[in-house]
$ cat target.txt   # compact mmCIF, C-alpha atoms (C1' of nucleotides)
# COMPACT_ATOMS: atom_id res chain seq x y z
CA MET K 1 -10.46 -30.31 42.09
CA ARG K 2 -6.82 -30.33 41.21
CA ARG K 3 -5.69 -32.40 38.31
CA ASN K 4 -2.28 -33.02 36.99
CA LYS K 5 -0.66 -30.71 34.53
CA LYS K 6 -1.69 -32.35 31.32
CA GLU K 7 -5.28 -32.63 32.29
CA ARG K 8 -5.40 -29.03 33.43
CA GLN K 9 -3.82 -27.79 30.25
CA GLN K 10 -6.29 -29.65 28.12
CA MET K 11 -9.13 -28.17 30.12
CA LEU K 12 -7.51 -24.79 29.78
CA ILE K 13 -7.54 -25.08 26.01
CA ASP K 14 -11.18 -26.09 26.03
CA THR K 15 -12.19 -23.40 28.48
CA ILE K 16 -10.53 -20.66 26.51
CA LYS K 17 -11.86 -21.91 23.24
CA GLU K 18 -15.33 -21.86 24.64
CA ASN K 19 -14.93 -18.49 26.29
CA PRO K 20 -12.00 -16.46 25.05
CA PHE K 21 -13.02 -13.58 27.31
CA ILE K 22 -11.77 -15.15 30.53
CA THR K 23 -8.86 -13.63 32.46
CA ASP K 24 -5.92 -15.47 33.92
CA GLU K 25 -7.19 -14.67 37.37
CA ASP K 26 -10.54 -16.26 36.72
CA LEU K 27 -8.79 -19.25 35.24
CA SER K 28 -6.54 -19.60 38.26
CA GLU K 29 -9.58 -19.68 40.52
CA LYS K 30 -11.34 -22.14 38.28
CA PHE K 31 -8.46 -24.58 38.39
CA SER K 32 -7.34 -23.73 41.95
CA VAL K 33 -3.83 -22.88 40.94
CA SER K 34 -1.90 -19.66 41.02
CA VAL K 35 -2.05 -17.06 38.29
CA GLN K 36 1.57 -17.80 37.50
CA THR K 37 0.79 -21.39 36.76
CA ILE K 38 -1.90 -20.33 34.34
CA ARG K 39 0.57 -18.06 32.65
CA LEU K 40 3.14 -20.79 32.40
CA ASP K 41 0.48 -23.02 30.92
CA ARG K 42 -0.50 -20.43 28.35
CA LEU K 43 3.13 -19.94 27.50
CA GLU K 44 3.65 -23.63 26.94
CA LEU K 45 0.48 -23.90 24.93
CA SER K 46 1.12 -20.71 22.99
CA ILE K 47 -2.20 -19.24 23.98
CA PRO K 48 -2.09 -15.47 23.69
CA GLU K 49 -3.25 -13.16 26.43
CA LEU K 50 -6.83 -12.09 26.89
CA ARG K 51 -6.55 -8.84 24.97
CA GLU K 52 -4.92 -10.48 22.00
CA ARG K 53 -7.57 -13.16 21.99
CA ILE K 54 -10.35 -10.61 22.02
CA LYS K 55 -8.63 -8.64 19.32
CA SER K 56 -8.32 -11.58 17.01
CA VAL K 57 -11.98 -12.45 17.44
CA ALA K 58 -12.85 -8.85 16.64
CA GLU K 59 -10.56 -8.75 13.65
CA LYS K 60 -12.08 -11.82 12.15
CA ARG K 61 -15.48 -10.28 12.35
CA PHE K 62 -14.24 -7.07 10.87
CA GLU K 63 -12.49 -8.72 7.97
CA ASP K 64 -15.60 -10.67 7.23
CA GLU K 65 -17.72 -7.58 6.98
CA VAL K 66 -15.26 -5.69 4.88
CA ARG K 67 -14.92 -8.49 2.43
CA SER K 68 -18.58 -8.58 1.52
CA LEU K 69 -17.91 -6.81 -1.70
CA PRO K 70 -20.64 -5.52 -3.93
CA LEU K 71 -21.49 -7.42 -7.04
CA GLU K 72 -20.28 -5.69 -10.12
CA GLU K 73 -22.45 -4.27 -12.82
CA VAL K 74 -21.84 -7.15 -15.16
CA ILE K 75 -20.54 -10.40 -13.88
CA GLY K 76 -18.17 -12.16 -16.17
CA GLU K 77 -16.60 -10.95 -19.35
CA ILE K 78 -18.65 -11.17 -22.49
CA ILE K 79 -16.49 -12.58 -25.26
CA ASP K 80 -19.03 -13.13 -27.97
CA ILE K 81 -22.50 -11.91 -28.66
CA GLN K 82 -25.14 -12.07 -31.38
CA LEU K 83 -27.99 -9.92 -30.27
CA ASP K 84 -31.25 -11.77 -29.87
CA GLN K 85 -29.48 -15.00 -30.66
CA SER K 86 -26.64 -16.09 -28.42
CA ALA K 87 -23.82 -14.91 -26.20
CA ILE K 88 -20.85 -16.28 -24.31
CA SER K 89 -19.12 -14.98 -21.20
CA ILE K 90 -16.32 -16.19 -19.00
CA PHE K 91 -16.04 -15.80 -15.27
CA ASP K 92 -12.99 -16.70 -13.22
CA VAL K 93 -13.87 -17.85 -9.75
CA LYS K 94 -11.62 -16.12 -7.28
CA GLN K 95 -11.22 -16.12 -3.57
CA GLU K 96 -13.86 -13.48 -3.00
CA HIS K 97 -16.49 -15.57 -4.73
CA VAL K 98 -16.23 -18.70 -2.66
CA PHE K 99 -17.22 -19.88 0.76
CA LYS K 100 -14.13 -19.72 2.89
CA ARG K 101 -14.98 -22.98 4.46
CA ASN K 102 -14.80 -25.16 1.41
CA GLN K 103 -13.76 -22.97 -1.55
CA ILE K 104 -17.01 -23.61 -3.35
CA ALA K 105 -18.40 -20.73 -5.35
CA ARG K 106 -21.48 -19.12 -3.88
CA GLY K 107 -24.49 -19.80 -6.01
CA HIS K 108 -25.43 -16.22 -6.59
CA HIS K 109 -22.26 -15.54 -8.53
CA LEU K 110 -23.04 -18.24 -11.03
CA PHE K 111 -26.55 -16.95 -11.20
CA ALA K 112 -25.28 -13.42 -11.65
CA GLN K 113 -23.10 -14.44 -14.56
CA ALA K 114 -25.95 -16.23 -16.27
CA ASN K 115 -28.45 -13.52 -15.51
CA SER K 116 -26.29 -10.70 -16.78
CA LEU K 117 -25.60 -12.65 -19.91
CA ALA K 118 -29.31 -13.18 -20.43
CA VAL K 119 -29.85 -9.46 -20.01
CA ALA K 120 -27.03 -8.63 -22.39
CA VAL K 121 -28.10 -10.89 -25.18
CA ILE K 122 -31.41 -9.13 -25.54
CA ASN K 123 -31.39 -6.47 -28.15
CA ASP K 124 -33.29 -3.87 -26.24
CA GLU K 125 -32.87 -0.81 -24.12
CA LEU K 126 -34.52 -2.39 -21.19
CA ALA K 127 -34.43 -6.05 -20.31
CA LEU K 128 -35.51 -7.39 -16.96
CA THR K 129 -35.68 -10.86 -15.57
CA ALA K 130 -39.21 -11.96 -14.91
CA LYS K 131 -38.78 -15.60 -13.99
CA SER K 132 -36.03 -18.10 -13.82
CA ASN K 133 -35.59 -21.75 -13.20
CA ILE K 134 -32.08 -22.85 -12.43
CA GLN K 135 -30.07 -25.84 -11.40
CA PHE K 136 -26.61 -26.10 -9.97
CA LYS K 137 -25.28 -29.29 -11.46
CA ARG K 138 -22.03 -29.51 -9.61
CA ALA K 139 -20.06 -27.35 -7.21
CA VAL K 140 -17.62 -24.91 -8.76
CA LYS K 141 -14.35 -24.39 -6.96
CA GLU K 142 -11.98 -21.51 -6.56
CA ASN K 143 -9.73 -20.84 -9.58
CA GLU K 144 -12.05 -22.57 -11.99
CA ARG K 145 -13.15 -20.75 -15.13
CA VAL K 146 -16.83 -20.80 -15.87
CA ILE K 147 -17.99 -20.38 -19.44
CA ALA K 148 -21.62 -19.40 -19.76
CA LYS K 149 -23.46 -19.82 -23.04
CA ALA K 150 -26.76 -18.10 -23.57
CA ARG K 151 -29.19 -18.94 -26.31
CA VAL K 152 -32.38 -17.08 -27.14
CA VAL K 153 -35.01 -19.73 -27.48
CA LYS K 154 -38.15 -17.80 -28.21
CA ILE K 155 -39.16 -14.22 -28.71
CA ASP K 156 -42.77 -13.46 -28.06
CA LYS K 157 -43.40 -10.03 -29.45
CA GLU K 158 -46.97 -9.95 -28.29
CA ASN K 159 -46.36 -9.89 -24.58
CA GLY K 160 -42.77 -8.70 -24.70
CA ARG K 161 -41.33 -11.90 -23.28
CA THR K 162 -38.15 -13.56 -24.39
CA LYS K 163 -36.96 -16.94 -23.28
CA VAL K 164 -33.24 -17.41 -22.80
CA GLU K 165 -31.46 -20.61 -21.95
CA VAL K 166 -28.10 -20.42 -20.25
CA ASN K 167 -25.70 -23.27 -19.71
CA SER K 168 -22.44 -22.82 -17.82
CA TYR K 169 -19.47 -25.11 -18.11
CA VAL K 170 -16.15 -25.75 -16.45
CA ASN K 171 -13.89 -27.72 -18.76
CA ASN K 172 -16.85 -28.75 -20.88
CA GLU K 173 -18.61 -30.10 -17.85
CA LEU K 174 -22.03 -28.66 -17.21
CA VAL K 175 -22.10 -26.96 -13.83
CA PHE K 176 -25.13 -24.72 -14.09
CA THR K 177 -28.20 -24.50 -16.24
CA GLY K 178 -31.00 -22.02 -16.21
CA ASP K 179 -34.06 -20.86 -18.11
CA PHE K 180 -34.71 -17.17 -17.99
CA ALA K 181 -37.95 -15.49 -18.90
CA MET K 182 -36.94 -11.99 -19.81
CA TYR K 183 -39.17 -9.01 -20.10
CA ARG K 184 -38.58 -6.27 -22.62
CA SER K 185 -40.63 -3.17 -22.29
CA LYS K 186 -39.87 -1.16 -25.40
CA ASN K 187 -39.95 -2.58 -28.86
CA SER K 188 -36.59 -3.21 -30.37
CA MET H 1 -4.78 20.44 8.51
CA ARG H 2 -6.41 21.55 11.71
CA ARG H 3 -10.13 21.99 11.73
CA ASN H 4 -12.36 23.33 14.40
CA LYS H 5 -13.72 21.17 17.13
CA LYS H 6 -17.00 20.17 15.56
CA GLU H 7 -15.44 19.18 12.31
CA ARG H 8 -12.75 17.20 14.05
CA GLN H 9 -15.24 15.40 16.24
CA GLN H 10 -17.32 14.43 13.26
CA MET H 11 -14.26 13.10 11.53
CA LEU H 12 -13.33 11.31 14.71
CA ILE H 13 -16.65 9.52 14.74
CA ASP H 14 -16.24 8.52 11.11
CA THR H 15 -12.66 7.43 11.53
CA ILE H 16 -13.42 5.24 14.51
CA LYS H 17 -16.49 3.81 12.90
CA GLU H 18 -14.43 2.86 9.90
CA ASN H 19 -11.55 1.53 11.93
CA PRO H 20 -12.34 0.82 15.57
CA PHE H 21 -8.83 -0.50 16.10
CA ILE H 22 -7.15 2.87 16.12
CA THR H 23 -5.46 4.19 19.28
CA ASP H 24 -5.79 7.67 20.73
CA GLU H 25 -2.18 8.28 19.87
CA ASP H 26 -2.70 7.47 16.22
CA LEU H 27 -5.78 9.66 16.20
CA SER H 28 -3.92 12.54 17.77
CA GLU H 29 -1.33 12.34 15.01
CA LYS H 30 -3.96 12.07 12.34
CA PHE H 31 -5.71 15.23 13.50
CA SER H 32 -2.58 17.02 14.68
CA VAL H 33 -3.84 17.55 18.20
CA SER H 34 -2.68 16.21 21.53
CA VAL H 35 -3.74 12.88 22.91
CA GLN H 36 -5.60 14.70 25.66
CA THR H 37 -7.76 16.47 23.15
CA ILE H 38 -8.68 13.20 21.57
CA ARG H 39 -9.62 11.87 24.97
CA LEU H 40 -11.74 14.89 25.72
CA ASP H 41 -13.42 14.41 22.38
CA ARG H 42 -14.14 10.77 23.07
CA LEU H 43 -15.49 11.74 26.46
CA GLU H 44 -17.83 14.29 24.95
CA LEU H 45 -18.93 11.91 22.25
CA SER H 46 -19.18 8.95 24.61
CA ILE H 47 -16.88 6.86 22.49
CA PRO H 48 -15.32 4.12 24.61
CA GLU H 49 -11.63 3.39 24.67
CA LEU H 50 -9.90 1.16 22.17
CA ARG H 51 -10.04 -1.98 24.26
CA GLU H 52 -13.69 -1.60 24.97
CA ARG H 53 -14.39 -1.01 21.32
CA ILE H 54 -12.48 -4.10 20.31
CA LYS H 55 -14.23 -6.06 22.98
CA SER H 56 -17.67 -5.06 21.83
CA VAL H 57 -16.86 -5.95 18.24
CA ALA H 58 -15.64 -9.32 19.43
CA GLU H 59 -18.67 -9.86 21.60
CA LYS H 60 -21.05 -9.13 18.79
CA ARG H 61 -19.36 -11.68 16.64
CA PHE H 62 -19.38 -14.18 19.42
CA GLU H 63 -23.02 -13.68 20.27
CA ASP H 64 -23.98 -14.28 16.67
CA GLU H 65 -25.74 -17.54 16.61
CA VAL H 66 -25.44 -17.55 12.86
CA ARG H 67 -22.94 -20.30 13.17
CA SER H 68 -23.86 -21.82 9.89
CA LEU H 69 -21.80 -19.27 8.05
CA PRO H 70 -19.98 -16.05 8.78
CA LEU H 71 -21.72 -12.78 8.03
CA GLU H 72 -19.41 -12.04 5.17
CA GLU H 73 -21.11 -14.52 2.98
CA VAL H 74 -24.47 -12.89 3.24
CA ILE H 75 -25.86 -10.25 0.95
CA GLY H 76 -28.12 -8.03 2.97
CA GLU H 77 -28.22 -7.80 6.71
CA ILE H 78 -29.76 -10.61 8.67
CA ILE H 79 -31.97 -9.18 11.35
CA ASP H 80 -33.63 -12.30 12.62
CA ILE H 81 -32.94 -15.97 12.35
CA GLN H 82 -34.26 -19.24 13.71
CA LEU H 83 -32.02 -21.92 12.37
CA ASP H 84 -33.81 -24.50 10.28
CA GLN H 85 -37.00 -22.49 10.55
CA SER H 86 -37.01 -18.95 9.28
CA ALA H 87 -34.90 -15.88 8.71
CA ILE H 88 -35.29 -12.26 7.68
CA SER H 89 -32.82 -9.96 6.02
CA ILE H 90 -32.90 -6.42 4.74
CA PHE H 91 -31.15 -5.10 1.70
CA ASP H 92 -31.03 -1.46 0.74
CA VAL H 93 -30.89 -0.96 -2.98
CA LYS H 94 -28.23 1.59 -3.75
CA GLN H 95 -26.82 3.13 -6.84
CA GLU H 96 -24.37 0.34 -7.45
CA HIS H 97 -27.14 -2.24 -7.62
CA VAL H 98 -29.27 -0.73 -10.33
CA PHE H 99 -29.20 -0.33 -14.07
CA LYS H 100 -27.97 3.15 -14.75
CA ARG H 101 -30.55 3.61 -17.45
CA ASN H 102 -33.65 3.21 -15.39
CA GLN H 103 -32.61 2.80 -11.74
CA ILE H 104 -34.09 -0.68 -11.58
CA ALA H 105 -32.27 -3.18 -9.42
CA ARG H 106 -30.44 -5.89 -11.29
CA GLY H 107 -32.05 -9.23 -10.76
CA HIS H 108 -29.02 -10.98 -9.46
CA HIS H 109 -28.89 -8.77 -6.41
CA LEU H 110 -32.34 -9.78 -5.34
CA PHE H 111 -31.43 -13.33 -6.08
CA ALA H 112 -28.23 -12.99 -4.08
CA GLN H 113 -30.09 -11.69 -1.06
CA ALA H 114 -32.61 -14.51 -1.21
CA ASN H 115 -30.02 -17.15 -1.95
CA SER H 116 -27.68 -16.18 0.86
CA LEU H 117 -30.58 -16.04 3.24
CA ALA H 118 -31.58 -19.53 2.20
CA VAL H 119 -28.01 -20.66 2.84
CA ALA H 120 -27.86 -18.91 6.19
CA VAL H 121 -31.07 -20.31 7.57
CA ILE H 122 -29.78 -23.82 7.24
CA ASN H 123 -28.24 -25.11 10.40
CA ASP H 124 -25.29 -26.81 8.85
CA GLU H 125 -21.66 -26.30 8.15
CA LEU H 126 -22.12 -26.61 4.47
CA ALA H 127 -25.19 -25.61 2.55
CA LEU H 128 -25.30 -25.30 -1.22
CA THR H 129 -28.03 -24.39 -3.62
CA ALA H 130 -29.05 -27.25 -5.86
CA LYS H 131 -32.05 -25.83 -7.69
CA SER H 132 -34.11 -22.75 -7.63
CA ASN H 133 -37.24 -21.43 -9.19
CA ILE H 134 -37.74 -17.72 -8.95
CA GLN H 135 -40.00 -14.94 -10.06
CA PHE H 136 -39.48 -11.23 -10.14
CA LYS H 137 -42.90 -9.83 -9.37
CA ARG H 138 -42.19 -6.19 -9.87
CA ALA H 139 -39.15 -4.02 -10.52
CA VAL H 140 -37.31 -2.73 -7.48
CA LYS H 141 -35.93 0.79 -7.68
CA GLU H 142 -32.95 2.55 -6.22
CA ASN H 143 -33.30 3.53 -2.55
CA GLU H 144 -35.96 0.95 -1.87
CA ARG H 145 -35.52 -1.40 1.03
CA VAL H 146 -36.06 -5.06 0.31
CA ILE H 147 -37.09 -7.32 3.15
CA ALA H 148 -36.54 -10.98 2.41
CA LYS H 149 -38.26 -13.62 4.46
CA ALA H 150 -37.08 -17.18 4.27
CA ARG H 151 -39.03 -20.13 5.55
CA VAL H 152 -37.82 -23.70 5.71
CA VAL H 153 -40.58 -25.75 4.18
CA LYS H 154 -39.26 -29.24 4.31
CA ILE H 155 -36.19 -31.03 5.55
CA ASP H 156 -35.51 -34.34 3.89
CA LYS H 157 -32.90 -36.03 6.00
CA GLU H 158 -32.63 -38.99 3.72
CA ASN H 159 -31.15 -37.27 0.71
CA GLY H 160 -29.87 -34.20 2.51
CA ARG H 161 -32.21 -31.81 0.76
CA THR H 162 -33.95 -28.88 2.35
CA LYS H 163 -36.60 -26.80 0.71
CA VAL H 164 -36.60 -23.10 1.50
CA GLU H 165 -39.14 -20.57 0.35
CA VAL H 166 -38.09 -16.93 0.15
CA ASN H 167 -40.39 -13.98 -0.38
CA SER H 168 -39.05 -10.47 -0.70
CA TYR H 169 -41.07 -7.37 -0.10
CA VAL H 170 -40.82 -3.62 -0.54
CA ASN H 171 -43.34 -1.88 1.67
CA ASN H 172 -45.31 -5.08 2.10
CA GLU H 173 -45.54 -5.49 -1.63
CA LEU H 174 -44.20 -8.75 -2.98
CA VAL H 175 -41.36 -8.08 -5.39
CA PHE H 176 -39.61 -11.42 -5.54
CA THR H 177 -40.41 -14.99 -4.72
CA GLY H 178 -38.29 -18.07 -4.96
CA ASP H 179 -38.13 -21.72 -4.06
CA PHE H 180 -34.71 -23.02 -3.22
CA ALA H 181 -33.72 -26.64 -3.05
CA MET H 182 -30.73 -26.65 -0.75
CA TYR H 183 -28.22 -29.37 -0.32
CA ARG H 184 -26.54 -30.08 2.99
CA SER H 185 -23.60 -32.38 2.93
CA LYS H 186 -22.85 -33.12 6.54
CA ASN H 187 -25.41 -34.30 8.99
CA SER H 188 -26.84 -31.54 11.12
C1' DC U 1 20.28 -37.71 48.64
C1' DT U 2 20.05 -35.61 44.28
C1' DA U 3 17.99 -34.24 40.06
C1' DC U 4 14.15 -32.90 38.03
C1' DT U 5 9.52 -31.17 37.32
C1' DA U 6 5.83 -28.43 38.88
C1' DT U 7 4.24 -24.72 41.28
C1' DT U 8 4.31 -20.34 43.46
C1' DA U 9 6.05 -15.69 44.51
C1' DG U 10 7.84 -11.33 43.58
C1' DT U 11 9.66 -7.50 40.91
C1' DA U 12 10.10 -4.43 37.04
C1' DC U 13 8.00 -3.05 32.97
C1' DC U 14 4.32 -2.45 29.28
C1' DT U 15 0.06 -0.52 26.84
C1' DA U 16 -3.71 2.08 26.52
C1' DG U 17 -6.11 3.88 28.83
C1' DT U 18 -9.17 6.85 33.26
C1' DC U 19 -9.62 10.74 36.36
C1' DA U 20 -8.48 15.07 38.23
C1' DT U 21 -6.14 19.39 38.22
C1' DA U 22 -3.83 23.08 36.26
C1' DA U 23 -1.82 25.88 32.88
C1' DT U 24 -2.02 27.96 28.36
C1' DA U 25 -4.12 29.36 23.84
C1' DT U 26 -7.55 31.02 21.07
C1' DC U 27 -11.89 33.09 20.08
C1' DT U 28 -15.63 36.17 20.81
C1' DC U 29 -18.25 39.92 22.43
C1' DG U 30 -18.93 44.33 24.27
C1' DC E 1 -8.42 46.42 23.44
C1' DG E 2 -9.50 43.37 27.30
C1' DA E 3 -12.41 40.00 29.96
C1' DG E 4 -14.53 35.83 29.93
C1' DA E 5 -15.57 31.71 27.77
C1' DT E 6 -14.09 27.91 25.26
C1' DA E 7 -10.57 24.88 23.61
C1' DT E 8 -6.33 22.70 24.03
C1' DT E 9 -2.35 20.81 26.25
C1' DA E 10 0.36 19.12 30.14
C1' DT E 11 1.13 16.53 34.26
C1' DG E 12 0.69 13.11 37.69
C1' DA E 13 -1.49 9.30 40.04
C1' DC E 14 -3.81 5.13 39.19
C1' DT E 15 -5.86 0.87 36.57
C1' DA E 16 -6.25 -3.90 34.24
C1' DG E 17 -4.18 -7.45 32.43
C1' DG E 18 -0.81 -8.67 31.08
C1' DT E 19 5.05 -10.02 29.74
C1' DA E 20 9.68 -11.28 31.16
C1' DC E 21 12.70 -12.70 34.38
C1' DT E 22 14.53 -14.50 38.73
C1' DA E 23 14.13 -17.13 42.69
C1' DA E 24 12.22 -20.02 46.12
C1' DT E 25 9.69 -24.14 47.49
C1' DA E 26 7.31 -28.81 47.12
C1' DG E 27 7.00 -33.33 45.51
C1' DT E 28 8.69 -37.27 43.35
C1' DA E 29 11.60 -40.74 40.92
C1' DG E 30 15.87 -43.02 40.57

$ encode --input "target.txt" --output "structure tokens"
Amino acid sequence: MRRNKKERQQMLIDTIKENPFITDEDLSEKFSVSVQTIRLDRLELSIPELRERIKSVAEKRFEDEVRSLPLEEVIGEIIDIQLDQSAISIFDVKQEHVFKRNQIARGHHLFAQANSLAVAVINDELALTAKSNIQFKRAVKENERVIAKARVVKIDKENGRTKVEVNSYVNNELVFTGDFAMYRSKNS
Amino acid sequence: MRRNKKERQQMLIDTIKENPFITDEDLSEKFSVSVQTIRLDRLELSIPELRERIKSVAEKRFEDEVRSLPLEEVIGEIIDIQLDQSAISIFDVKQEHVFKRNQIARGHHLFAQANSLAVAVINDELALTAKSNIQFKRAVKENERVIAKARVVKIDKENGRTKVEVNSYVNNELVFTGDFAMYRSKNS
DNA sequence: CTACTATTAGTACCTAGTCATAATATCTCG
DNA sequence: CGAGATATTATGACTAGGTACTAATAGTAG
């Protein structure tokens, strides 16, 4: 049952990683050593005490929830627009837009930029997205600036549909492309 | 500064809900009453002590089998998930999600819910959207609750693609449908 | 044997509480 | 106004799960 120090400490790390909710006393029983030894081990390994461990787990969860920020009204800044023709917007990818794990922008932000641009370019009180076909050409990273260009391809006055094509670029490289079938209820 | 009991207790509930990491002492200062009063209040309201609160937050996080990605990165609340099979999330459409003019939800929010659900259902460290084909079946209004159901249709291990189908409903009425081609980089 | 490491033991102290009891303060009703 | 109820505060004993420090003991290598 009893191993040498190194072995025990490695197991200690693993055990705590797997179950951070274990007390020193339980650990001491598990490894058949005294509580003091466990505490010395934790000290050497810089493993905080139970309560601090629990707290940090809780904090992580809490931060995560708090950070899920709502999407803004319009995503990206519109810098040029010709109603019913074309429009351009820029969107700077910041920390809150990316997956923490790999700093890649979440798809829905790129979609949101393109979609809001497609809505904006339509010269009407009320424009809604009916259908859309999109492709993410390459991953966009934190701190990159995405330039979306929308172009109205076809206006069908009969059924109130407008087709908009949006291409988004980072440094002239295509990162996103989408076709949007927009619906306009009132006449313009 | 000092309110009556009921008012204080209601504020206590809100304060703790917003920040479960607050101690009785801090609360007593905040409400200008003694620590004992706070403790009586907690007793009456059945609010557990700080450590227990922290612990339960931590446990919830730990129990979450949504290991594929932290909750933060999800729009809508995931209420059920079978990794690599199916998942369900709910999203309440609030004021900040709709066009002011007509109280209709902006498309990108529905897309975001569906897209993050598609990401979440994939049992992998890293899931990205490659392509997507979507349709908005009917407009969703403020205060409606959207239930998105994702289903993994096909996993192609060869090229790391996974096809996910998402249908979103309001009161059993289909409001959104989308096919997502997801890309997973690492092996599962 | 000595030096050194590893382990164990023991004490005082800490935080953020619980539980129980008692003393005030404040409000309300007749 | 005063009695009784309700609300608030104070006090003390006790708890878990520790930290920090000192000291003693066991085993082992040179």

$ closest_atom_pairs --input "target.txt" --of "chain K" --to "chain H" --cutoff "6 Å" --atoms "only C-alpha atoms" --output "JSON lines"
{"residue": "K:Val57", "atom": "CA", "partner": "H:Ala58", "partner_atom": "CA", "distance": 5.2}
{"residue": "K:Ala58", "atom": "CA", "partner": "H:Ala58", "partner_atom": "CA", "distance": 4.0}
{"residue": "K:Arg61", "atom": "CA", "partner": "H:Arg61", "partner_atom": "CA", "distance": 6.0}
{"residue": "K:Asp64", "atom": "CA", "partner": "H:Glu72", "partner_atom": "CA", "distance": 4.5}
{"residue": "K:Glu65", "atom": "CA", "partner": "H:Glu72", "partner_atom": "CA", "distance": 5.1}
{"residue": "K:Ser68", "atom": "CA", "partner": "H:Glu72", "partner_atom": "CA", "distance": 5.1}
{"residue": "K:His108", "atom": "CA", "partner": "H:Ala112", "partner_atom": "CA", "distance": 5.0}
{"residue": "K:Ala112", "atom": "CA", "partner": "H:His108", "partner_atom": "CA", "distance": 5.0}
{"residue": "K:Ala130", "atom": "CA", "partner": "H:Phe136", "partner_atom": "CA", "distance": 4.8}
{"residue": "K:Lys131", "atom": "CA", "partner": "H:Gln135", "partner_atom": "CA", "distance": 4.2}
{"residue": "K:Ser132", "atom": "CA", "partner": "H:Ile134", "partner_atom": "CA", "distance": 5.2}
{"residue": "K:Asn133", "atom": "CA", "partner": "H:Asn133", "partner_atom": "CA", "distance": 4.3}
{"residue": "K:Ile134", "atom": "CA", "partner": "H:Ser132", "partner_atom": "CA", "distance": 5.2}
{"residue": "K:Gln135", "atom": "CA", "partner": "H:Lys131", "partner_atom": "CA", "distance": 4.2}
{"residue": "K:Phe136", "atom": "CA", "partner": "H:Ala130", "partner_atom": "CA", "distance": 4.9}

$ write_last_selection --input "target.txt" --atoms "C-alpha atoms" --output "PDB file, keeping the file's coordinate frame"
ATOM      1  CA  VAL K  57     -11.980 -12.450  17.440  1.00  0.00           C
ATOM      2  CA  ALA K  58     -12.850  -8.850  16.640  1.00  0.00           C
ATOM      3  CA  ARG K  61     -15.480 -10.280  12.350  1.00  0.00           C
ATOM      4  CA  ASP K  64     -15.600 -10.670   7.230  1.00  0.00           C
ATOM      5  CA  GLU K  65     -17.720  -7.580   6.980  1.00  0.00           C
ATOM      6  CA  SER K  68     -18.580  -8.580   1.520  1.00  0.00           C
ATOM      7  CA  HIS K 108     -25.430 -16.220  -6.590  1.00  0.00           C
ATOM      8  CA  ALA K 112     -25.280 -13.420 -11.650  1.00  0.00           C
ATOM      9  CA  ALA K 130     -39.210 -11.960 -14.910  1.00  0.00           C
ATOM     10  CA  LYS K 131     -38.780 -15.600 -13.990  1.00  0.00           C
ATOM     11  CA  SER K 132     -36.030 -18.100 -13.820  1.00  0.00           C
ATOM     12  CA  ASN K 133     -35.590 -21.750 -13.200  1.00  0.00           C
ATOM     13  CA  ILE K 134     -32.080 -22.850 -12.430  1.00  0.00           C
ATOM     14  CA  GLN K 135     -30.070 -25.840 -11.400  1.00  0.00           C
ATOM     15  CA  PHE K 136     -26.610 -26.100  -9.970  1.00  0.00           C
TER      16      PHE K 136
END

$ atom_distance --input "target.txt" --atom1 "atom CA of Gln103 of chain K" --atom2 "atom CA of Val170 of chain K"
15.3 Å

$ interface_residues --input "target.txt" --of "chain K" --to "chain E" --cutoff "9 Å" --atoms "all atoms listed in the file" --output "list in words"
Thr23, Asp24, Glu49, Leu50 and Arg51 of chain K

$ write_last_selection --input "target.txt" --atoms "C-alpha atoms" --output "mmCIF file, in the coordinates of the input"
data_model
loop_
_atom_site.group_PDB
_atom_site.id
_atom_site.type_symbol
_atom_site.label_atom_id
_atom_site.label_comp_id
_atom_site.auth_asym_id
_atom_site.auth_seq_id
_atom_site.Cartn_x
_atom_site.Cartn_y
_atom_site.Cartn_z
ATOM 1 C CA THR K 23 -8.860 -13.630 32.460
ATOM 2 C CA ASP K 24 -5.920 -15.470 33.920
ATOM 3 C CA GLU K 49 -3.250 -13.160 26.430
ATOM 4 C CA LEU K 50 -6.830 -12.090 26.890
ATOM 5 C CA ARG K 51 -6.550 -8.840 24.970
#

$ interface_residues --input "target.txt" --of "chain U" --to "chain H" --cutoff "12 Å" --atoms "all atoms listed in the file" --output "PyMOL selection string"
chain U and resi 15-19+26-27

$ residues_around --input "target.txt" --residues "Ala87 of chain K" --least-positions-apart "6" --cutoff "12 Å" --atoms "all atoms listed in the file" --output "list in words"
Gly76, Glu77, Ile78, Ile79, Asp80, Ile81, Gln113, Ala114, Asn115, Ser116, Leu117, Ala118, Val119, Ala120, Val121, Ile122, Asn123, Ile147, Ala148, Lys149, Ala150, Arg151, Val152, Val164, Glu165, Val166, Asn167 and Ser168 of chain K

$ atom_distance --input "target.txt" --atom1 "atom CA of Lys30 of chain K" --atom2 "atom CA of Leu45 of chain K"
17.9 Å

$ atom_distance --input "target.txt" --atom1 "atom CA of Ile88 of chain K" --atom2 "atom CA of Lys157 of chain K"
24.0 Å

$ closest_residue --input "target.txt" --among "H:Glu142, H:Asp92, H:Asp84, H:Asp124" --to "Lys163 of chain H" --atoms "all atoms listed in the file"
H:Asp84

$ decode --input "target.txt" --residues "segment 149-157 of chain K" --atoms "C-alpha atoms" --output "short mmCIF file (atom, residue, chain, number, x, y, z; two decimals), in the first residue's frame"
data_model
loop_
_atom_site.label_atom_id
_atom_site.label_comp_id
_atom_site.auth_asym_id
_atom_site.auth_seq_id
_atom_site.Cartn_x
_atom_site.Cartn_y
_atom_site.Cartn_z
CA LYS K 149 -19.12 42.83 -48.18
CA ALA K 150 -22.75 42.43 -49.07
CA ARG K 151 -24.11 42.59 -52.57
CA VAL K 152 -27.76 42.52 -53.56
CA VAL K 153 -28.00 39.98 -56.31
CA LYS K 154 -31.65 39.92 -57.17
CA ILE K 155 -34.80 41.68 -56.11
CA ASP K 156 -37.98 39.81 -56.75
CA LYS K 157 -40.77 42.27 -56.25
#
